[in-house]
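Student: The structure follows.
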Amino acid sequence: MSINQDDALTLARLAGLDLPVEFHADLFVAYEKLQGMIARMPRRERTDEPAHIYDPTRFMPPTV
Amino acid sequence: MTIAEDVDNLTTNDIAGMGALLRQGATTPEALLEAYLDRIARHDGAVHSFLTVDADNARQAARGAGEELRAGHDRGPFHGIPFALKDNVDTAGLRTTGHSRQDLERVPTKDATLVRYLRDAGGVLVGKTATFEYAIGGPSWDLPFPPALNPWNTNHLPGGSSSGSGAAVGARFVPAAVGTDTGGSVRWPASMCGVTGLKPTYGLVSRTGVVPNTYSLDHCGPITASARDNAIMLGAMAGPDPVDPSSSGRKAEDYVAGLSGDIRGLRVGVVRNWYAEEADPEITEATDEAVRVLAGLGATIEQIDLGDLQPYLDCKTLISTAELYAVHEKNMKAHPEWFSKKLRERVLGGALMRAEDYVHAMQWRTELARKLLAPFARFDILATAGWLGLPVLATEEGSDFFKRLRLITMPFSLSGNPAIVVPSGFSKSGLPMSFQLAGKPFDEATVLRCADAYQRVTDWHRRVPTLA
């Protein structure tokens with residue numbers, strides 16, 4: 001679903017980003033490109049989760 | 001004739017050659033440094049590759065390196081070698097700006113881990129080089145420093161984001177420079193400047209003390225004239241870092257030891273569909289010719305189709321957009337005017353990106369990486385073009401990210417395996433071209449061996465631009 005420029009500004013404000021008007025065009029350029037990429041992105045099945053792994057040994061303090 | 005006596009005749013002086021001269025007593029680290037400082041002073045006004053030349057501290061480091069060598073303390077092949085750092089790599093006591101007005105006065109208190117490694121290897125830091133703002137927003141003309149220009153033709157850009165590092169090595173202002181590579185930022189400028197640039201395996205070189213671009217994809221790598229020099233520099237800068245969660249923990253290897261020149265039987269898969277139709281025709285021709293050279297050296301060649309480039313580009317850019325915004329959120333909210341227009345346009349989308357889209361992009365990355373790495377069951381190397389176009393004109397229009405050719409470097413940024421660009425010739429207009437070789441994760445040795453074998457029978461990497 002695409003959104004219009006007013007929607008984009010509202011979403012930005014909800015994200016805590018209250019941009020001065022002179023930078024609105026930069027936001028619209030950025031979001032327009034993003035929309036195309038998101039639309040082309042495939043979605044995985046909910047059990048197919050290969051990316052977000054965590055290795056707790058990485059964060060152990062050095063052994064004395 | 002020593003290097004110091006013939007400062008412009010640097011074309012045949014690779015790092016190994018300089019090392020031999022240093023150990024023979026034919027020159028000294030101090031004289032070597034002065035030769036490069038002189039060349040920078042005479043020519044960098046036209047190239048803008050350096051943001052900071054740290055001559056006084058470099059002289060002190062060179063003096064120390066010389067005293068050690070004369071006392072018989074030899075730290076290895078990088079001892080006494082001048083090098084530069086992209087200005088997003090922290091240096092203790094020396095400003096690190098990220099080429100941004102936001103950090104004009106930022107002086108780190110600690111060296112990045114890779115800088116410590118390079119200094120421990122005896123390297124002599126000459127200075128800090130231009131980049132796109134925070135390694136992504138550029139080239140920009142609305143920043144306190146001008147963008148670097150291409151030493152082969154200063155009407156053109158040198159690629160980026162490690163633009164100053166590529167230009168400085170291309171111009172032979174230094175024999176070695178560090179770049180960072182998130183989507184191609186070592187390989188693109190190396191390609192544009194006629195030098196050799198390696199993105200090592202993700203996690204081989206520490207990122208502690210390097211200004212982040214995209215945590216999941218950031219790499220640091222060497223830019224040098226030749227693959228042999230690249231092997232020397234990688235050996236000096238790679239290694240474990242317990243502070244960096246992405247560190248593989250692997251020690252650097254002796255990457256020079258494997259440079260036998262022998263690639264007989266090496267299995268090379270050529271990803272021709274990524275460049276054959278889309279690249280500048282001269283680049284297509286040069287890449288095909290480079291592959292023929294590898295075949296002539298005894299490599300076995302087979303074409304392989306890894307699908308369209310676009311999914312790799314979309315996936316990388318989505319991940320970067322989310323992470324970039326996380327990196328820059330605080331200042332973007334408080335002071336959007338501090339950013340260059342180009343960086344704002346790259347970062348702002350992240351404010352509107354949904355969390356689930358980032359999660360899906362990360363999952364997509366794994367899927368694409370599996371697709372890219374699968375062929376290594378039957379190939380040792382994948383070969384393709386280094387970049388799809390020639391260096392563009394140094395104008396706002398010519399450098400618009402969203403109008404660029406598709407980035408043929410990005411697939412290997414996602415898969416994290418080593419990839420090197422190697423000079424493959426010059427266009428009719430005199431601009432550099434390159435091809436790219438990728439290997440198995442942590443098999444930098446084979447990638448460098450293949451590149452070095454090619455460079456033993458070609459001389460593109462030895463050519464040096466005439467500077468104004």
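Order determines the names: the first chain of the structure tokens is A, the second B, and so forth; residues in each chain are numbered 1 upward, and ligands are numbered 1 upward as they are shown.
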Mind running chain A against chain B at 6 Å and telling me each contacting residue's nearest atom pair with the distance in Å (one decimal), counting only C-alpha atoms, chain and number ascending, as a tab-separated table?

Tutor:
residue	atom	partner	partner_atom	distance
A:Leu17	CA	B:Lys333	CA	5.3
A:Asp26	CA	B:Glu345	CA	5.1
A:Leu27	CA	B:Leu348	CA	5.6
A:Ala30	CA	B:Gly349	CA	4.8
A:Tyr31	CA	B:Gly349	CA	4.8
A:Met37	CA	B:Asp314	CA	5.4
A:Ala51	CA	B:Gln363	CA	5.0

Student: Pull the helix (DSSP H, G or I) assignments for region 143-360 of chain B out of DSSP run on the backbone, and list those residues as a ChimeraX atom specification.

Tutor: /B:163-170,187-193,227-237,272-274,281-296,310-334,336-338,341-352,355-360

Student: Quick one: everything within 6 Å of region 377-391 of chain B, counting only C-alpha atoms, minus sequence neighbours fewer than 4 positions away in the same chain. Send it as a list in words.

Tutor: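 Those residues are His156, Leu157, Met192, Arg267, Val268, Gly269, Val270, Val271, Ala279, Asp280, Thr287, Ile408, Val421, Ser434, Phe435, Gln436, Leu437, Ala438 and Gly439 of chain B.
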
Student: Just N, CA, C and O atoms for this one: save the residues we selected as a compact mmCIF listing (two decimals), in the first residue's frame.

Tutor:
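What landed in result.txt:
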# COMPACT_ATOMS: atom_id res chain seq x y z
N HIS B 156 36.51 13.80 -13.38
CA HIS B 156 35.68 12.64 -13.03
C HIS B 156 35.84 12.31 -11.55
O HIS B 156 36.81 12.72 -10.91
N LEU B 157 34.88 11.53 -11.05
CA LEU B 157 34.92 11.13 -9.64
C LEU B 157 35.68 9.81 -9.49
O LEU B 157 35.79 9.02 -10.44
N MET B 192 37.62 2.42 -9.93
CA MET B 192 37.65 3.71 -10.65
C MET B 192 39.06 4.29 -10.73
O MET B 192 39.34 5.11 -11.62
N ARG B 267 39.11 -23.64 -10.30
CA ARG B 267 37.79 -23.69 -10.92
C ARG B 267 37.12 -22.32 -10.78
O ARG B 267 36.83 -21.88 -9.66
N VAL B 268 36.93 -21.67 -11.91
CA VAL B 268 36.40 -20.30 -11.91
C VAL B 268 35.00 -20.28 -12.55
O VAL B 268 34.85 -20.68 -13.71
N GLY B 269 34.01 -19.83 -11.78
CA GLY B 269 32.67 -19.64 -12.32
C GLY B 269 32.49 -18.18 -12.73
O GLY B 269 32.73 -17.30 -11.92
N VAL B 270 32.11 -17.96 -13.96
CA VAL B 270 31.99 -16.58 -14.46
C VAL B 270 30.52 -16.16 -14.43
O VAL B 270 29.69 -16.77 -15.10
N VAL B 271 30.21 -15.13 -13.63
CA VAL B 271 28.83 -14.63 -13.53
C VAL B 271 28.68 -13.56 -14.60
O VAL B 271 28.70 -12.35 -14.33
N ALA B 279 26.80 -3.62 -18.54
CA ALA B 279 28.02 -2.84 -18.36
C ALA B 279 28.34 -2.01 -19.60
O ALA B 279 27.85 -2.30 -20.71
N ASP B 280 29.17 -1.00 -19.40
CA ASP B 280 29.75 -0.30 -20.54
C ASP B 280 30.41 -1.35 -21.44
O ASP B 280 31.11 -2.24 -20.94
N THR B 287 36.44 -7.42 -19.20
CA THR B 287 36.19 -8.51 -18.25
C THR B 287 36.30 -9.86 -18.95
O THR B 287 36.91 -10.79 -18.42
N ILE B 408 27.31 -3.89 -8.79
CA ILE B 408 27.69 -5.28 -8.95
C ILE B 408 28.53 -5.79 -7.78
O ILE B 408 28.82 -6.97 -7.67
N VAL B 421 38.69 -6.40 -6.38
CA VAL B 421 38.67 -5.86 -7.73
C VAL B 421 40.11 -5.67 -8.21
O VAL B 421 40.99 -5.27 -7.44
N SER B 434 37.95 -2.60 -14.33
CA SER B 434 38.40 -3.68 -13.45
C SER B 434 37.51 -4.89 -13.58
O SER B 434 36.40 -4.80 -14.12
N PHE B 435 37.98 -6.02 -13.05
CA PHE B 435 37.10 -7.17 -12.86
C PHE B 435 37.18 -7.60 -11.41
O PHE B 435 38.02 -7.12 -10.65
N GLN B 436 36.26 -8.48 -11.03
CA GLN B 436 36.09 -8.83 -9.62
C GLN B 436 36.21 -10.35 -9.45
O GLN B 436 35.70 -11.12 -10.26
N LEU B 437 36.88 -10.75 -8.38
CA LEU B 437 37.04 -12.16 -8.04
C LEU B 437 36.54 -12.37 -6.62
O LEU B 437 36.96 -11.65 -5.71
N ALA B 438 35.66 -13.35 -6.42
CA ALA B 438 35.17 -13.65 -5.08
C ALA B 438 35.51 -15.09 -4.73
O ALA B 438 35.55 -15.97 -5.61
N GLY B 439 35.77 -15.32 -3.45
CA GLY B 439 36.16 -16.66 -3.02
C GLY B 439 35.32 -17.16 -1.87
O GLY B 439 34.35 -16.51 -1.44

Student: Residues within 12 Å of Pro62 (chain A), please, as a list in words. Count only C-alpha atoms; anything in the same chain fewer than 2 positions from it doesn't count.

Tutor: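 Listed by chain and then number, they are Thr57, Arg58, Phe59, Met60 and Val64 of chain A; Asp241, Pro242 and Val243 of chain B.
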
Student: Now that the selection is made, can you save its residues with all heavy atoms as a PDB file, in the first residue's frame?

Tutor:
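Output below, filename out39.pdb:
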ATOM      1  N   THR A  57      28.262 -16.681  23.876  1.00  0.00           N
ATOM      2  CA  THR A  57      29.697 -16.767  24.216  1.00  0.00           C
ATOM      3  C   THR A  57      30.461 -15.548  23.724  1.00  0.00           C
ATOM      4  O   THR A  57      31.542 -15.246  24.226  1.00  0.00           O
ATOM      5  CB  THR A  57      30.333 -18.035  23.619  1.00  0.00           C
ATOM      6  OG1 THR A  57      30.292 -17.945  22.183  1.00  0.00           O
ATOM      7  CG2 THR A  57      29.596 -19.286  24.070  1.00  0.00           C
ATOM      8  N   ARG A  58      29.883 -14.844  22.731  1.00  0.00           N
ATOM      9  CA  ARG A  58      30.556 -13.651  22.198  1.00  0.00           C
ATOM     10  C   ARG A  58      30.677 -12.542  23.244  1.00  0.00           C
ATOM     11  O   ARG A  58      31.478 -11.634  23.093  1.00  0.00           O
ATOM     12  CB  ARG A  58      29.780 -13.098  20.994  1.00  0.00           C
ATOM     13  CG  ARG A  58      29.824 -13.960  19.764  1.00  0.00           C
ATOM     14  CD  ARG A  58      31.215 -13.912  19.166  1.00  0.00           C
ATOM     15  NE  ARG A  58      31.314 -14.748  17.973  1.00  0.00           N
ATOM     16  CZ  ARG A  58      31.459 -14.252  16.754  1.00  0.00           C
ATOM     17  NH1 ARG A  58      31.510 -12.958  16.566  1.00  0.00           N
ATOM     18  NH2 ARG A  58      31.558 -15.068  15.736  1.00  0.00           N
ATOM     19  N   PHE A  59      29.840 -12.605  24.246  1.00  0.00           N
ATOM     20  CA  PHE A  59      29.759 -11.483  25.180  1.00  0.00           C
ATOM     21  C   PHE A  59      30.238 -11.844  26.588  1.00  0.00           C
ATOM     22  O   PHE A  59      30.004 -11.108  27.530  1.00  0.00           O
ATOM     23  CB  PHE A  59      28.313 -10.948  25.197  1.00  0.00           C
ATOM     24  CG  PHE A  59      27.861 -10.547  23.822  1.00  0.00           C
ATOM     25  CD1 PHE A  59      27.115 -11.405  23.033  1.00  0.00           C
ATOM     26  CD2 PHE A  59      28.255  -9.322  23.289  1.00  0.00           C
ATOM     27  CE1 PHE A  59      26.740 -11.049  21.740  1.00  0.00           C
ATOM     28  CE2 PHE A  59      27.880  -8.961  21.994  1.00  0.00           C
ATOM     29  CZ  PHE A  59      27.130  -9.826  21.221  1.00  0.00           C
ATOM     30  N   MET A  60      30.910 -12.965  26.682  1.00  0.00           N
ATOM     31  CA  MET A  60      31.505 -13.351  27.969  1.00  0.00           C
ATOM     32  C   MET A  60      32.718 -12.471  28.256  1.00  0.00           C
ATOM     33  O   MET A  60      33.459 -12.098  27.356  1.00  0.00           O
ATOM     34  CB  MET A  60      31.953 -14.812  27.903  1.00  0.00           C
ATOM     35  CG  MET A  60      30.810 -15.801  27.972  1.00  0.00           C
ATOM     36  SD  MET A  60      30.067 -15.828  29.616  1.00  0.00           S
ATOM     37  CE  MET A  60      31.360 -16.655  30.539  1.00  0.00           C
ATOM     38  N   VAL A  64      40.154 -14.849  33.349  1.00  0.00           N
ATOM     39  CA  VAL A  64      41.310 -14.328  34.090  1.00  0.00           C
ATOM     40  C   VAL A  64      42.377 -15.407  34.193  1.00  0.00           C
ATOM     41  O   VAL A  64      42.067 -16.549  34.438  1.00  0.00           O
ATOM     42  CB  VAL A  64      40.870 -13.869  35.505  1.00  0.00           C
ATOM     43  CG1 VAL A  64      42.080 -13.319  36.272  1.00  0.00           C
ATOM     44  CG2 VAL A  64      39.794 -12.820  35.383  1.00  0.00           C
TER      45      VAL A  64
ATOM     46  N   ASP B 241      39.498  -9.627  17.507  1.00  0.00           N
ATOM     47  CA  ASP B 241      39.214  -8.482  18.369  1.00  0.00           C
ATOM     48  C   ASP B 241      38.076  -8.866  19.314  1.00  0.00           C
ATOM     49  O   ASP B 241      36.912  -8.880  18.913  1.00  0.00           O
ATOM     50  CB  ASP B 241      38.817  -7.264  17.526  1.00  0.00           C
ATOM     51  CG  ASP B 241      38.519  -6.054  18.391  1.00  0.00           C
ATOM     52  OD1 ASP B 241      38.658  -6.140  19.622  1.00  0.00           O
ATOM     53  OD2 ASP B 241      38.141  -5.011  17.837  1.00  0.00           O
ATOM     54  N   PRO B 242      38.378  -9.166  20.540  1.00  0.00           N
ATOM     55  CA  PRO B 242      37.321  -9.587  21.470  1.00  0.00           C
ATOM     56  C   PRO B 242      36.290  -8.504  21.738  1.00  0.00           C
ATOM     57  O   PRO B 242      35.188  -8.801  22.203  1.00  0.00           O
ATOM     58  CB  PRO B 242      38.099  -9.943  22.750  1.00  0.00           C
ATOM     59  CG  PRO B 242      39.453  -9.382  22.591  1.00  0.00           C
ATOM     60  CD  PRO B 242      39.713  -9.215  21.136  1.00  0.00           C
ATOM     61  N   VAL B 243      36.619  -7.252  21.430  1.00  0.00           N
ATOM     62  CA  VAL B 243      35.664  -6.157  21.668  1.00  0.00           C
ATOM     63  C   VAL B 243      34.626  -6.065  20.553  1.00  0.00           C
ATOM     64  O   VAL B 243      33.536  -5.541  20.740  1.00  0.00           O
ATOM     65  CB  VAL B 243      36.428  -4.820  21.815  1.00  0.00           C
ATOM     66  CG1 VAL B 243      35.474  -3.658  22.048  1.00  0.00           C
ATOM     67  CG2 VAL B 243      37.430  -4.913  22.961  1.00  0.00           C
TER      68      VAL B 243
END

Student: Just to confirm, what's the straight-line distance from CA of Asp44 (chain B) to CA of Ala26 (chain B) in Å (one decimal)?

Tutor: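 CA of Ala26 (chain B) lies at a distance of 27.2 Å from CA of Asp44 (chain B).
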
Student: Using Å and a single decimal, report how far CA of Leu22 (chain B) sits from CA of Asp111 (chain B).

Tutor: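 Computed distance, CA of Asp111 (chain B) to CA of Leu22 (chain B), equals 26.5 Å.
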
Student: Provide the CA of Ala394 (chain B) to CA of Met433 (chain B) distance in Å, to one decimal place.

Tutor: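 According to the coordinates, CA of Ala394 (chain B) and CA of Met433 (chain B) are separated by 17.6 Å.
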
Student: Please identify all polymer residues within 7 Å of Gly209 (chain B), counting only C-alpha atoms, omitting same-chain residues fewer than 5 positions from it, and present them as a ChimeraX atom specification.

Tutor: /B:89-90,111-113

Student: The selected residues should be written to file as a compact mmCIF listing (two decimals), in the first residue's frame (atoms: N, CA and C atoms).

Tutor:
# COMPACT_ATOMS: atom_id res chain seq x y z
N VAL B 89 37.82 6.09 10.35
CA VAL B 89 38.55 5.13 11.20
C VAL B 89 39.25 5.94 12.29
N ASP B 90 38.97 5.61 13.53
CA ASP B 90 39.46 6.41 14.65
C ASP B 90 40.98 6.35 14.79
N ASP B 111 43.00 4.56 19.21
CA ASP B 111 43.05 4.05 17.85
C ASP B 111 42.01 2.95 17.65
N ALA B 112 41.43 2.89 16.46
CA ALA B 112 40.67 1.70 16.08
C ALA B 112 41.60 0.49 16.15
N THR B 113 41.01 -0.67 16.40
CA THR B 113 41.84 -1.88 16.53
C THR B 113 42.70 -2.11 15.29

Student: For Leu234 (chain B), find every residue with an atom within 10 Å (counting only C-alpha atoms), except residues of its own chain fewer than 4 positions away, and show them as a list in words.

Tutor: Phe78, Leu118, Val178, Leu198, Pro200, Leu204, Val205, Cys220, Gly221, Pro222, Ile223, Arg228, Asp229, Asn230, Ala238, Gly239, Ala252, Glu253, Asp254, Tyr255, Val256 and Glu444 of chain B

Student: Going by DSSP on the backbone, which bits of region 259-391 of chain B are strand (DSSP E)? Write them as a list in words, please.

Tutor: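 Reading the DSSP output for region 259-391 of chain B, strand (DSSP E) covers Arg267, Val268, Gly269, Val270, Thr300, Ile301, Glu302, Gln303, Ile381, Leu382, Ala383, Thr384 and Ala385 of chain B.
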
Student: Go ahead and save the picked residues with C-alpha atoms, as a short mmCIF file (atom, residue, chain, number, x, y, z; two decimals), in the first residue's frame.

Tutor:
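Saved file part_29.cif follows:
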data_model
loop_
_atom_site.label_atom_id
_atom_site.label_comp_id
_atom_site.auth_asym_id
_atom_site.auth_seq_id
_atom_site.Cartn_x
_atom_site.Cartn_y
_atom_site.Cartn_z
CA ARG B 267 37.79 -23.69 -10.92
CA VAL B 268 36.40 -20.30 -11.91
CA GLY B 269 32.67 -19.64 -12.32
CA VAL B 270 31.99 -16.58 -14.46
CA THR B 300 39.03 -23.99 -15.76
CA ILE B 301 36.25 -21.62 -16.77
CA GLU B 302 32.51 -22.18 -16.70
CA GLN B 303 29.68 -19.68 -16.85
CA ILE B 381 36.39 -18.49 -7.48
CA LEU B 382 33.49 -16.52 -8.93
CA ALA B 383 34.50 -13.88 -11.49
CA THR B 384 32.51 -10.95 -12.79
CA ALA B 385 32.99 -7.27 -13.61
#

Student: Which of these residues is nearest to Gly76 (chain B), using only C-alpha atoms: B:Ala236, B:Leu114, B:Cys450, B:Cys193?

Tutor: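 Counting only C-alpha atoms, the residue closest to Gly76 (chain B) is B:Ala236.
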
Student: Which residues come within 6 Å of region 264-266 of chain B, counting only C-alpha atoms, excluding same-chain residues fewer than 2 positions away, as a ChimeraX atom specification?

Tutor: /B:262,298-300
